[in-house]
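Asks: One structure is given below, represented as structure tokens, and several questions about it will come after.
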Amino acid sequence: MWPRLKRWLLALWRTVRRPSIHYSLGFLTLGGFIAGVLFWGAFNTGLEMTNTEAFCTGCHEMRDNVFQELKTTIHYTNRSGVRATCPDCHVPHKWTDKIARKMQASKEVWGKLFGTVDTREKFLDHRLELAEHEWARLKANDSLECRNCHNYASMDLTRQSTRAAEIHKRWLGTGEKTCIDCHKGIAHHLPDMTGIPQG
Amino acid sequence: MRDKSLMLIAVLVVLVAAAVGFAVGRKSTPEPHVAAASTTTTPAAASTAEPVAAGDQIDAIRRGAPVNQEIAPPLMARVENADVKRNRAYPMQPPTIPHAIDNYQIDKNSNRCLLCHARANADKFQAPPVSVTHYMDRNDQFLATISPRRYFCNQCHVVQTDAKPLVANTFKDIDTILSEEQDKKAN
């Protein structure tokens, strides 16, 4: 087994090392460049297709549970018509972080195949665990996905209610707390929160 | 070359077709549409009818409009969100909520109100903590956490909107009545 693999690898190595006989240098470099562009475009397009509300709600697990809850919140419908879709909060916007998140998400494909949350009951049983993952992620990156749109420096505290302004100034302005510390369950219903610090 | 003559014929055919199309198009240019908007009726005269002042009649919800007429609904009221405590109309009145509570989750999993108003959190948010009575069971024994019978805040505490009252209210609080009594005695 091992010698055969070695022989095969050596043959491959020799082929790769040898200069091309039939193709010109121009064809190989230009062709490689164009093939690279095509591959990259296709890869990124494919990735972006998985980054849409339509894709996320394509599975009944998302459509029947969390999406229905999102619909009642201000992030879905509001006076100015700006909607935060699933990936706006759940997928980092920067490329490297996005790829890292997308690789993590392959676990979700596993979950889909084996029906980890394929009924309402199973989903409710897993809700705390799922929520804790998201809280931990947002806590670790200082609520980056919130801050992609909500920037403390751009907040007009005078346009907030006095209560909200006070609390934002005291806890968010000093950096002692981050968005997710208080704003849990703003887009989806909360799991059983006994013993979990909120705010 | 045979192809050349074919090409020439093709170009000619296209040109002729274009010319014919142009001529037909020019002849049958449609007359500009006469504005038909003038015929539209003014929407429901009833909406302009001045509703009777609130409180002057019993049927406040219809605001005095005949039953066969539909009146324009009043503007939707806004929840007052000024965070200024309101007076209680009588000593045992549950205080009204001086802020918006949109999408506050109150169920067996979580109670958004207690996030700030619980005894343990009140200092952090400078919120008035719920009264001690809310920690008492029905035998007046104090519990460590909020009493289950007091858990659903909205059963008693409500927000206030800027809607105009539909029915007149002649309620006088006890202080007013007492001072009136005093005045009567003095006279």
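Letters A, B, ... go to the chains of the structure tokens in the order shown; residues in each chain start at 1; ligands are counted from 1 in the same order.
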Should the cut-off be 6 Å, what would the residue list for chain A against chain B look like, counting only C-alpha atoms, as a count of residues only?

Replies: 3

Asks: To test your reading of the structure, identify every residue in stretch 23-175 of chain A that backbone DSSP assigns to alpha helix (DSSP H), and report it as a PyMOL selection string.

Replies: chain A and resi 25-49+53-56+60-61+67-70+86-90+95-104+106-114+120-140+144-147+162-167

Asks: Contacts of B:Arg78 at 8 Å or less, counting only C-alpha atoms, minus same-chain residues fewer than 3 places along, as number ranges by chain?

Replies: B: 161-163

Asks: Would you mind exporting N, CA and C atoms of the selected residues as a PDB file, in the first residue's frame?

Replies:
```pdb
ATOM      1  N   THR B 161     -50.943  55.979  26.807  1.00  0.00           N
ATOM      2  CA  THR B 161     -50.720  56.561  25.489  1.00  0.00           C
ATOM      3  C   THR B 161     -51.220  58.000  25.493  1.00  0.00           C
ATOM      4  N   ASP B 162     -50.934  58.695  24.410  1.00  0.00           N
ATOM      5  CA  ASP B 162     -51.396  60.087  24.321  1.00  0.00           C
ATOM      6  C   ASP B 162     -52.780  60.174  23.673  1.00  0.00           C
ATOM      7  N   ALA B 163     -53.519  59.055  23.646  1.00  0.00           N
ATOM      8  CA  ALA B 163     -54.854  59.071  23.047  1.00  0.00           C
ATOM      9  C   ALA B 163     -55.799  59.945  23.867  1.00  0.00           C
TER      10      ALA B 163
END
```

Asks: For B:Pro94, find every residue with an atom within 12 Å (counting only C-alpha atoms), except residues of its own chain fewer than 3 positions away, and show them as a PyMOL selection string.

Replies: chain B and resi 86-91+97+130-131+133-134+150+153-159

Asks: For the residues in that selection, give me C-alpha atoms as an mmCIF file, in the first residue's frame.

Replies:
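part_33.cif, written as the output of this step:
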```cif
data_model
loop_
_atom_site.group_PDB
_atom_site.id
_atom_site.type_symbol
_atom_site.label_atom_id
_atom_site.label_comp_id
_atom_site.auth_asym_id
_atom_site.auth_seq_id
_atom_site.Cartn_x
_atom_site.Cartn_y
_atom_site.Cartn_z
ATOM 1 C CA ARG B 86 -46.971 59.704 37.286
ATOM 2 C CA ASN B 87 -49.126 60.336 40.290
ATOM 3 C CA ARG B 88 -51.391 57.582 41.480
ATOM 4 C CA ALA B 89 -55.061 58.458 41.362
ATOM 5 C CA TYR B 90 -55.762 56.541 44.579
ATOM 6 C CA PRO B 91 -53.509 55.019 47.225
ATOM 7 C CA ILE B 97 -45.470 52.354 33.382
ATOM 8 C CA VAL B 130 -41.117 46.231 42.794
ATOM 9 C CA SER B 131 -42.794 46.634 46.170
ATOM 10 C CA THR B 133 -45.827 42.989 48.637
ATOM 11 C CA HIS B 134 -44.861 41.383 45.340
ATOM 12 C CA ARG B 150 -47.443 38.760 40.885
ATOM 13 C CA CYS B 153 -46.627 42.616 35.466
ATOM 14 C CA ASN B 154 -49.076 43.654 32.756
ATOM 15 C CA GLN B 155 -52.006 42.274 34.675
ATOM 16 C CA CYS B 156 -51.908 45.427 36.776
ATOM 17 C CA HIS B 157 -49.271 47.774 35.373
ATOM 18 C CA VAL B 158 -49.904 49.325 31.989
ATOM 19 C CA VAL B 159 -48.367 51.912 29.720
#
```

Asks: Taking only C-alpha atoms into account, name the residue in A:Leu128, A:Val37, A:Cys146, A:Cys59 that is nearest to A:Val91.

Replies: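 Checking each of A:Leu128, A:Val37, A:Cys146, A:Cys59 against A:Val91, counting only C-alpha atoms, the winner is A:Cys146.
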
Asks: Nearest residue to B:Ala144 out of B:Ala77, B:Ile61, B:Leu166, B:Ala120, using only C-alpha atoms?

Replies: B:Ala120

Asks: Quote the spacing between atom CA of A:Leu70 and atom CA of A:Leu144 in Å to one decimal place.

Replies: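 Taking atom CA of A:Leu70 as the start and atom CA of A:Leu144 as the end point, the length is 19.5 Å.
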
Asks: Leaving out A:Lys71 and any residue of its chain fewer than 5 positions from it, which residues lie within 10 Å of it when counting only C-alpha atoms, given as a list of chain:residue names?

Replies: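 So the residues in contact are A:Val66, A:Tyr76, A:Thr77, A:Ala187, A:His188.
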